[in-house]
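Chemist: Pasting input-v7.cif here (mmCIF, C-alpha atoms):
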data_start
#
loop_
_atom_site.label_atom_id
_atom_site.label_comp_id
_atom_site.auth_asym_id
_atom_site.auth_seq_id
_atom_site.Cartn_x
_atom_site.Cartn_y
_atom_site.Cartn_z
CA MET A 881 139.59 -62.00 47.49
CA ASP A 882 143.23 -62.94 47.27
CA LEU A 883 143.94 -63.31 43.53
CA LEU A 884 146.44 -66.14 44.06
CA PHE A 885 143.83 -68.11 46.00
CA ALA A 886 141.35 -67.57 43.17
CA ILE A 887 143.83 -68.65 40.49
CA VAL A 888 144.79 -71.78 42.43
CA GLY A 889 141.17 -72.57 43.31
CA ALA A 890 139.53 -72.03 39.92
CA GLY A 891 142.61 -73.28 38.03
CA SER A 892 142.62 -76.52 40.03
CA ALA A 893 138.93 -77.00 39.15
CA GLY A 894 139.92 -76.90 35.47
CA SER A 895 142.90 -79.22 35.81
CA PHE A 896 140.82 -81.65 37.89
CA LEU A 897 138.23 -81.61 35.11
CA ALA A 898 140.89 -82.67 32.59
CA ILE A 899 142.31 -85.32 34.96
CA GLY A 900 138.80 -86.63 35.68
CA SER A 901 138.06 -87.12 31.99
CA ALA A 902 141.40 -88.87 31.45
CA ALA A 903 140.62 -91.17 34.41
CA ASN A 904 137.29 -91.93 32.81
CA ALA A 905 138.89 -92.70 29.45
CA ARG A 906 141.15 -95.20 31.27
CA LEU A 907 138.12 -96.80 32.95
CA LYS A 908 136.48 -97.17 29.53
CA GLN A 909 139.53 -99.13 28.34
CA THR A 910 139.15 -101.58 31.23
CA LEU A 911 135.38 -102.04 31.01
CA GLN A 912 135.32 -101.81 27.20
CA SER A 913 132.13 -99.79 27.38
CA ALA A 914 131.91 -96.00 27.19
CA ILE A 915 128.42 -96.03 28.69
CA ALA A 916 129.38 -98.19 31.69
CA ALA A 917 132.41 -95.97 32.40
CA ALA A 918 130.25 -92.83 32.23
CA ALA A 919 127.61 -94.45 34.47
CA ILE A 920 130.25 -95.12 37.17
CA ASN A 921 131.54 -91.56 36.77
CA PHE A 922 128.04 -90.14 37.34
CA LEU A 923 127.29 -92.48 40.25
CA VAL A 924 130.52 -91.46 42.04
CA GLY A 925 129.89 -87.75 41.32
CA PHE A 926 126.31 -88.04 42.56
CA SER A 927 127.40 -89.77 45.79
CA ILE A 928 130.12 -87.20 46.53
CA LEU A 929 127.75 -84.27 45.97
CA ALA A 930 125.03 -85.95 48.05
CA ILE A 931 127.53 -86.38 50.94
CA LEU A 932 128.66 -82.74 50.59
CA ILE A 933 125.07 -81.47 50.64
CA ALA A 934 124.15 -83.74 53.57
CA SER A 935 127.21 -82.48 55.49
CA GLY A 936 125.61 -79.01 55.50
CA LEU A 937 128.67 -77.38 53.92
CA PHE A 938 126.41 -75.48 51.50
CA LYS A 939 123.26 -73.56 52.31
CA SER A 940 120.40 -76.02 52.26
CA PRO A 941 118.42 -76.30 49.00
CA ASN A 942 114.79 -75.33 48.78
CA PHE A 943 113.06 -78.67 48.18
CA GLN A 944 109.57 -77.13 47.91
CA GLN A 945 110.72 -75.49 44.66
CA PHE A 946 111.09 -78.79 42.77
CA ALA A 947 107.56 -78.52 41.36
CA THR A 948 108.17 -75.03 39.94
CA VAL A 949 111.31 -75.96 37.95
CA PRO A 950 110.71 -75.82 34.16
CA TRP A 951 110.79 -79.43 32.87
CA TRP A 952 113.62 -78.80 30.40
CA ALA A 953 115.96 -77.74 33.22
CA PHE A 954 116.11 -81.40 34.30
CA LEU A 955 117.46 -82.49 30.90
CA GLY A 956 120.98 -81.12 31.52
CA GLY A 957 122.05 -84.49 32.95
CA PHE A 958 121.31 -86.21 29.61
CA LEU A 959 123.66 -83.84 27.80
CA GLY A 960 126.31 -84.31 30.49
CA ALA A 961 126.00 -88.08 30.11
CA THR A 962 126.38 -87.82 26.32
CA PHE A 963 129.41 -85.57 26.74
CA VAL A 964 131.19 -87.86 29.21
CA SER A 965 130.51 -90.96 27.07
CA LEU A 966 131.83 -89.27 23.92
CA SER A 967 134.93 -87.91 25.71
CA THR A 968 136.00 -91.44 26.73
CA LEU A 969 136.09 -92.25 22.99
CA THR A 970 137.90 -89.14 21.77
CA ILE A 971 140.58 -88.62 24.48
CA PRO A 972 142.62 -91.78 23.76
CA LYS A 973 142.65 -90.92 20.02
CA LEU A 974 143.34 -87.18 20.18
CA GLY A 975 145.33 -86.83 23.40
CA LEU A 976 144.13 -84.80 26.39
CA THR A 977 145.34 -81.41 25.10
CA THR A 978 143.68 -81.52 21.69
CA ALA A 979 140.46 -83.05 23.02
CA THR A 980 140.28 -80.41 25.78
CA LEU A 981 141.00 -77.49 23.44
CA ALA A 982 138.45 -78.73 20.88
CA VAL A 983 135.80 -78.98 23.60
CA VAL A 984 136.68 -75.51 24.91
CA CYS A 985 136.43 -74.11 21.37
CA SER A 986 132.96 -75.40 20.57
CA GLN A 987 131.90 -74.60 24.13
CA MET A 988 132.79 -70.94 23.54
CA ILE A 989 131.04 -70.86 20.16
CA MET A 990 127.86 -72.39 21.56
CA SER A 991 127.83 -70.10 24.60
CA LEU A 992 128.22 -67.15 22.22
CA VAL A 993 125.16 -68.38 20.29
CA ILE A 994 123.13 -68.90 23.49
CA ASP A 995 124.14 -65.42 24.73
CA GLN A 996 123.35 -63.83 21.36
CA PHE A 997 119.78 -65.16 21.23
CA GLY A 998 119.13 -65.37 24.96
CA TRP A 999 118.07 -69.04 24.80
CA LEU A 1000 117.28 -71.24 27.84
CA GLY A 1001 116.47 -68.43 30.22
CA VAL A 1002 119.88 -66.76 29.79
CA PRO A 1003 119.72 -62.96 29.33
CA ALA A 1004 120.66 -61.95 25.74
CA HIS A 1005 124.14 -60.42 25.22
CA PRO A 1006 125.00 -59.23 21.70
CA LEU A 1007 128.23 -60.51 20.04
CA ASN A 1008 131.39 -58.63 20.80
CA PHE A 1009 134.56 -58.47 18.75
CA SER A 1010 137.06 -59.61 21.38
CA ARG A 1011 135.18 -62.87 22.08
CA VAL A 1012 134.97 -63.70 18.37
CA PHE A 1013 138.68 -62.96 18.00
CA ALA A 1014 139.50 -65.13 21.05
CA ILE A 1015 137.56 -68.05 19.55
CA ALA A 1016 139.36 -67.68 16.21
CA LEU A 1017 142.71 -67.85 18.10
CA LEU A 1018 141.57 -70.97 19.97
CA ILE A 1019 140.67 -72.71 16.70
CA VAL A 1020 144.14 -71.96 15.31
CA ALA A 1021 145.68 -73.26 18.57
CA VAL A 1022 143.77 -76.57 18.32
CA THR A 1023 144.94 -76.98 14.71
CA LEU A 1024 148.56 -76.30 15.77
CA THR A 1025 148.53 -79.08 18.39
CA GLN A 1026 147.57 -81.50 15.58
CA LEU A 1027 150.09 -80.37 12.94
CA ASP A 1028 153.05 -82.09 14.57
CA ARG A 1029 151.20 -85.36 15.09
CA LYS A 1030 153.32 -88.45 14.46
CA HIS A 1031 152.05 -90.90 11.89
CA PRO A 1032 151.21 -94.47 12.94
CA HIS A 1033 154.13 -96.85 12.90
CA MET B 114 149.58 -88.54 -6.31
CA SER B 115 146.51 -90.04 -7.95
CA PHE B 116 143.22 -90.24 -6.12
CA PHE B 117 143.48 -94.03 -5.76
CA THR B 118 146.97 -93.96 -4.29
CA LEU B 119 145.66 -91.41 -1.81
CA LEU B 120 142.81 -93.74 -0.84
CA ARG B 121 145.26 -96.60 -0.35
CA SER B 122 147.70 -94.69 1.86
CA ARG B 123 147.52 -95.37 5.59
CA ARG B 124 148.42 -91.81 6.33
CA PHE B 125 145.30 -90.55 4.59
CA TRP B 126 143.00 -92.85 6.57
CA PHE B 127 144.79 -91.93 9.79
CA ARG B 128 144.07 -88.25 9.09
CA CYS B 129 140.42 -89.08 8.29
CA GLN B 130 140.04 -90.91 11.59
CA ILE B 131 141.57 -88.00 13.50
CA CYS B 132 139.18 -85.57 11.77
CA LEU B 133 136.25 -87.76 12.72
CA TYR B 134 137.25 -87.82 16.39
CA LEU B 135 137.93 -84.09 16.30
CA THR B 136 134.41 -83.48 14.94
CA LEU B 137 132.97 -85.73 17.66
CA SER B 138 134.92 -83.77 20.26
CA LEU B 139 133.68 -80.44 18.88
CA LEU B 140 130.06 -81.63 18.84
CA SER B 141 130.27 -82.89 22.42
CA GLY B 142 131.74 -79.57 23.58
CA ALA B 143 128.75 -77.72 22.11
CA LEU B 144 126.51 -79.67 24.51
CA LEU B 145 128.24 -78.23 27.59
CA PRO B 146 126.96 -74.62 27.51
CA ILE B 147 123.43 -75.95 26.86
CA GLN B 148 123.83 -78.16 29.92
CA ALA B 149 125.30 -75.28 31.92
CA SER B 150 122.31 -73.06 31.04
CA MET B 151 119.86 -75.78 32.05
CA ASN B 152 121.76 -76.32 35.31
CA ALA B 153 121.79 -72.57 35.96
CA GLN B 154 118.01 -72.51 35.60
CA LEU B 155 117.78 -75.50 37.96
CA ALA B 156 120.08 -73.75 40.44
CA ARG B 157 117.96 -70.57 40.28
CA SER B 158 114.76 -72.55 40.87
CA LEU B 159 116.17 -74.63 43.73
CA THR B 160 118.31 -71.74 45.07
CA SER B 161 121.27 -74.13 45.40
CA ALA B 162 124.04 -74.73 42.85
CA PRO B 163 125.34 -77.97 44.47
CA MET B 164 121.81 -79.39 44.60
CA ALA B 165 121.29 -78.56 40.91
CA ALA B 166 124.58 -80.33 40.08
CA ASN B 167 123.49 -83.30 42.16
CA VAL B 168 120.14 -83.57 40.32
CA SER B 169 122.01 -83.28 37.02
CA TYR B 170 124.36 -86.14 38.02
CA LEU B 171 121.42 -88.27 39.13
CA VAL B 172 119.54 -87.71 35.82
CA GLY B 173 122.71 -88.52 33.87
CA PHE B 174 123.30 -91.70 35.87
CA LEU B 175 119.69 -92.88 35.44
CA ALA B 176 119.86 -92.22 31.67
CA LEU B 177 123.12 -94.19 31.32
CA ALA B 178 121.87 -97.05 33.53
CA GLY B 179 118.72 -97.18 31.37
CA LEU B 180 120.83 -97.40 28.20
CA LEU B 181 122.93 -100.21 29.71
CA LEU B 182 119.78 -102.16 30.63
CA THR B 183 118.57 -102.11 27.01
CA HIS B 184 121.63 -104.30 26.14
CA ARG B 185 121.79 -102.59 22.76
CA PHE B 186 125.34 -101.32 23.31
CA GLU B 187 128.69 -103.01 23.78
CA HIS B 188 128.55 -105.29 26.82
CA PRO B 189 130.73 -103.96 29.63
CA ASP B 190 133.24 -106.39 31.08
CA TRP B 191 132.25 -105.97 34.75
CA SER B 192 134.66 -108.69 35.88
CA ALA B 193 137.52 -106.40 34.80
CA LEU B 194 136.34 -103.71 37.24
CA SER B 195 138.50 -105.10 40.07
CA LYS B 196 141.54 -104.94 37.78
CA ALA B 197 140.97 -101.27 36.90
CA PRO B 198 143.53 -98.90 38.46
CA HIS B 199 141.91 -97.34 41.52
CA TRP B 200 142.53 -93.79 40.33
CA SER B 201 140.49 -94.46 37.17
CA LEU B 202 137.35 -94.85 39.31
CA THR B 203 137.70 -91.35 40.76
CA GLY B 204 136.70 -89.36 37.64
CA GLY B 205 133.39 -88.43 39.27
CA VAL B 206 135.14 -87.02 42.37
CA PHE B 207 137.11 -84.60 40.17
CA GLY B 208 133.92 -83.66 38.29
CA ALA B 209 132.10 -82.98 41.56
CA TRP B 210 135.00 -80.84 42.80
CA TYR B 211 134.78 -78.85 39.57
CA ILE B 212 131.02 -78.29 39.92
CA ALA B 213 131.21 -77.33 43.60
CA SER B 214 134.24 -75.03 43.36
CA SER B 215 133.13 -73.35 40.12
CA ALA B 216 129.79 -72.52 41.76
CA TYR B 217 131.76 -70.90 44.59
CA PHE B 218 134.21 -68.99 42.39
CA ILE B 219 131.55 -67.79 39.91
CA SER B 220 129.86 -65.96 42.76
CA ALA B 221 133.21 -64.51 43.90
CA LEU B 222 134.96 -63.74 40.58
CA GLY B 223 132.18 -63.65 37.96
CA ALA B 224 131.50 -66.22 35.25
CA THR B 225 133.96 -65.06 32.58
CA LEU B 226 137.05 -64.83 34.78
CA THR B 227 136.23 -68.19 36.41
CA LEU B 228 135.79 -69.76 32.97
CA GLY B 229 139.14 -68.27 31.93
CA PHE B 230 140.99 -69.80 34.91
CA VAL B 231 139.20 -73.14 34.50
CA VAL B 232 140.08 -73.33 30.82
CA PHE B 233 143.70 -72.42 31.59
CA GLY B 234 143.88 -75.16 34.25
CA GLN B 235 142.44 -77.63 31.73
CA ALA B 236 145.03 -76.73 29.10
CA ILE B 237 147.97 -76.96 31.52
CA ALA B 238 146.82 -80.34 32.91
CA GLY B 239 146.28 -81.59 29.35
CA ILE B 240 149.69 -80.53 28.09
CA VAL B 241 151.55 -81.88 31.16
CA ALA B 242 149.72 -85.24 31.11
CA ASP B 243 150.26 -85.59 27.33
CA HIS B 244 153.94 -84.66 27.57
CA PHE B 245 154.77 -87.27 30.21
CA GLY B 246 152.18 -89.80 29.04
CA TRP B 247 150.54 -89.82 32.48
CA LEU B 248 147.09 -91.25 33.26
CA GLY B 249 147.51 -94.04 30.72
CA LEU B 250 147.45 -91.59 27.80
CA PRO B 251 149.54 -91.91 24.63
CA ARG B 252 152.56 -89.61 24.87
CA HIS B 253 152.47 -86.33 22.93
CA ARG B 254 155.66 -84.35 23.47
CA LEU B 255 155.67 -80.57 24.08
CA THR B 256 156.76 -79.53 20.58
CA PRO B 257 157.41 -75.97 19.34
CA TYR B 258 153.95 -76.03 17.71
CA ARG B 259 152.43 -76.79 21.11
CA ARG B 260 154.39 -73.95 22.74
CA ILE B 261 152.99 -71.51 20.14
CA ALA B 262 149.51 -72.98 20.77
CA ILE B 263 149.87 -72.26 24.53
CA GLY B 264 150.93 -68.69 23.73
CA MET B 265 147.90 -68.18 21.48
CA PHE B 266 145.76 -69.69 24.17
CA ILE B 267 146.93 -67.16 26.76
CA VAL B 268 146.29 -64.30 24.30
CA ALA B 269 142.81 -65.74 23.62
CA LEU B 270 142.09 -65.83 27.38
CA PHE B 271 143.13 -62.19 27.63
CA PHE B 272 140.58 -61.27 24.94
CA LEU B 273 137.89 -63.41 26.55
CA ILE B 274 138.05 -61.60 29.87
CA GLN B 275 137.94 -58.17 28.18
#
In structure tokens, how does this file's structure come out?

Modeler:
Amino acid sequence: MDLLFAIVGAGSAGSFLAIGSAANARLKQTLQSAIAAAAINFLVGFSILAILIASGLFKSPNFQQFATVPWWAFLGGFLGATFVSLSTLTIPKLGLTTATLAVVCSQMIMSLVIDQFGWLGVPAHPLNFSRVFAIALLIVAVTLTQLDRKHPH
Amino acid sequence: MSFFTLLRSRRFWFRCQICLYLTLSLLSGALLPIQASMNAQLARSLTSAPMAANVSYLVGFLALAGLLLTHRFEHPDWSALSKAPHWSLTGGVFGAWYIASSAYFISALGATLTLGFVVFGQAIAGIVADHFGWLGLPRHRLTPYRRIAIGMFIVALFFLIQ
């Protein structure tokens, strides 16, 4: 695949993710409820995905398989809902950069833990030095974005 | 400075508040890989990544709607909805684009490289929006500290995709 296409495609997914959470934080300000803002976010996302699936753009899902799905695999949505609600609270206080980097940091640490122990049906991958080093660098980077913070007037 | 002067200073409490929100942010980020693993299992079972994302969004929406119906949380001001800027309603569209395109690129590029590009896109969007104060965010200028942070970030990405 053309590398430029990949960078633009996957990079835009990331920047859209950041823009989406900022949009949601703004919606929370208007509605004055983190939960209501997250609910609208999920309803819109659900509708868009439902339209995309109905349009036949993706290969059609296997609906007979619903019964065989382990029950815990359905719980991901709860965690997503908690994440979106919390991010509407933290983004206005921390700024988009710091909030994003902090999330990325703990995301990496947790995925390292899941990989290490092979939890949740993920094949186990032992720790490797370069990932630990990368996470340490990210933590320092998050701290740096906070050091120059202006004090309240 | 004595302990009591420290407790009385606004600066100290401001720092405390920032640390609290930072902790909250870190905790919420730890939920994401757990969610991603659950979604991956769902996608394997249903043999469709977009369908798994859709189920995940539906479950999340139902959980939030249930919480709202308990009336135990702050009451949303629904009348203000018409006054909300239109772009602020589109957060879910961006999220859906992320889910759909990352499913596509993970199969083409592999999970680590995709994650690397996604994270880089997130950081760039965050820094640009903060710098100009776009999207209704408080303005945080691109300071030398932030430039060093971006540099470290790129180095970290390099190590991640090793």

Chemist: Find the spatial neighbours of Phe963 of chain A, counting only C-alpha atoms, within a cut-off of 7 Å - ignore same-chain residues fewer than 4 positions away - and output them as a ChimeraX atom specification.

Modeler: /A:959,967 /B:141,144

Chemist: For this file, the PyMOL selection byres ((chain B and resi 162) around 12) selects which residues, as a ChimeraX atom specification?

Modeler: /A:929,933,938-942 /B:149,151-161,163-169,209,211-220

Chemist: Next, the residues of the selection above should be written as a compact mmCIF listing (two decimals), in the frame of the given file with C-alpha atoms.

Modeler:
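Done, and the output landed in again.txt:
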# COMPACT_ATOMS: atom_id res chain seq x y z
CA LEU A 929 127.75 -84.27 45.97
CA ILE A 933 125.07 -81.47 50.64
CA PHE A 938 126.41 -75.48 51.50
CA LYS A 939 123.26 -73.56 52.31
CA SER A 940 120.40 -76.02 52.26
CA PRO A 941 118.42 -76.30 49.00
CA ASN A 942 114.79 -75.33 48.78
CA ALA B 149 125.30 -75.28 31.92
CA MET B 151 119.86 -75.78 32.05
CA ASN B 152 121.76 -76.32 35.31
CA ALA B 153 121.79 -72.57 35.96
CA GLN B 154 118.01 -72.51 35.60
CA LEU B 155 117.78 -75.50 37.96
CA ALA B 156 120.08 -73.75 40.44
CA ARG B 157 117.96 -70.57 40.28
CA SER B 158 114.76 -72.55 40.87
CA LEU B 159 116.17 -74.63 43.73
CA THR B 160 118.31 -71.74 45.07
CA SER B 161 121.27 -74.13 45.40
CA PRO B 163 125.34 -77.97 44.47
CA MET B 164 121.81 -79.39 44.60
CA ALA B 165 121.29 -78.56 40.91
CA ALA B 166 124.58 -80.33 40.08
CA ASN B 167 123.49 -83.30 42.16
CA VAL B 168 120.14 -83.57 40.32
CA SER B 169 122.01 -83.28 37.02
CA ALA B 209 132.10 -82.98 41.56
CA TYR B 211 134.78 -78.85 39.57
CA ILE B 212 131.02 -78.29 39.92
CA ALA B 213 131.21 -77.33 43.60
CA SER B 214 134.24 -75.03 43.36
CA SER B 215 133.13 -73.35 40.12
CA ALA B 216 129.79 -72.52 41.76
CA TYR B 217 131.76 -70.90 44.59
CA PHE B 218 134.21 -68.99 42.39
CA ILE B 219 131.55 -67.79 39.91
CA SER B 220 129.86 -65.96 42.76

Chemist: Do you know which residues are at most 7 Å from segment 262-272 of chain B counting all atoms listed in the file, after dropping those on the same chain fewer than 4 positions away, and could you put them as number ranges by chain?

Modeler: A: 1010-1011, 1014, 1017-1018, 1021, 1024-1025; B: 229, 258

Chemist: Pull out every residue that the PyMOL selection byres ((chain A and resi 961) around 9) matches in the shown coordinates and put them as a PDB file with C-alpha atoms, in the frame of the given file.

Modeler:
ATOM      1  CA  ILE A 915     128.420 -96.030  28.690  1.00  0.00           C
ATOM      2  CA  ALA A 918     130.250 -92.830  32.230  1.00  0.00           C
ATOM      3  CA  ALA A 919     127.610 -94.450  34.470  1.00  0.00           C
ATOM      4  CA  PHE A 922     128.040 -90.140  37.340  1.00  0.00           C
ATOM      5  CA  GLY A 956     120.980 -81.120  31.520  1.00  0.00           C
ATOM      6  CA  GLY A 957     122.050 -84.490  32.950  1.00  0.00           C
ATOM      7  CA  PHE A 958     121.310 -86.210  29.610  1.00  0.00           C
ATOM      8  CA  LEU A 959     123.660 -83.840  27.800  1.00  0.00           C
ATOM      9  CA  GLY A 960     126.310 -84.310  30.490  1.00  0.00           C
ATOM     10  CA  THR A 962     126.380 -87.820  26.320  1.00  0.00           C
ATOM     11  CA  PHE A 963     129.410 -85.570  26.740  1.00  0.00           C
ATOM     12  CA  VAL A 964     131.190 -87.860  29.210  1.00  0.00           C
ATOM     13  CA  SER A 965     130.510 -90.960  27.070  1.00  0.00           C
ATOM     14  CA  LEU A 966     131.830 -89.270  23.920  1.00  0.00           C
TER      15      LEU A 966
ATOM     16  CA  TYR B 170     124.360 -86.140  38.020  1.00  0.00           C
ATOM     17  CA  VAL B 172     119.540 -87.710  35.820  1.00  0.00           C
ATOM     18  CA  GLY B 173     122.710 -88.520  33.870  1.00  0.00           C
ATOM     19  CA  PHE B 174     123.300 -91.700  35.870  1.00  0.00           C
ATOM     20  CA  ALA B 176     119.860 -92.220  31.670  1.00  0.00           C
ATOM     21  CA  LEU B 177     123.120 -94.190  31.320  1.00  0.00           C
TER      22      LEU B 177
END

Chemist: Provide the atom CA of Leu884 of chain A to atom CA of Gln987 of chain A distance in Å, to one decimal place.

Modeler: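 Spanning atom CA of Leu884 of chain A to atom CA of Gln987 of chain A is a straight-line distance of 26.1 Å.
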
Chemist: What's around segment 241-253 of chain B at 7 Å? Count only C-alpha atoms, leave out sequence neighbours fewer than 2 positions away in its own chain, and write the answer as an NGL selection string.

Modeler: (:A and (902-903 or 906 or 972 or 975-977)) or (:B and (237-239 or 255))

Chemist: Give me the residues within 9 Å of Val232 of chain B as a ChimeraX atom specification, counting all atoms listed in the file and dropping any in the same chain fewer than 6 places off.

Modeler: /A:891,894-895,980-981,984 /B:270

Chemist: Nearest to chain A: which of B:Ile147, B:Ile261, B:Leu137, B:Val231 is it, counting only C-alpha atoms?

Modeler: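 Counting only C-alpha atoms, the residue closest to chain A is B:Val231.
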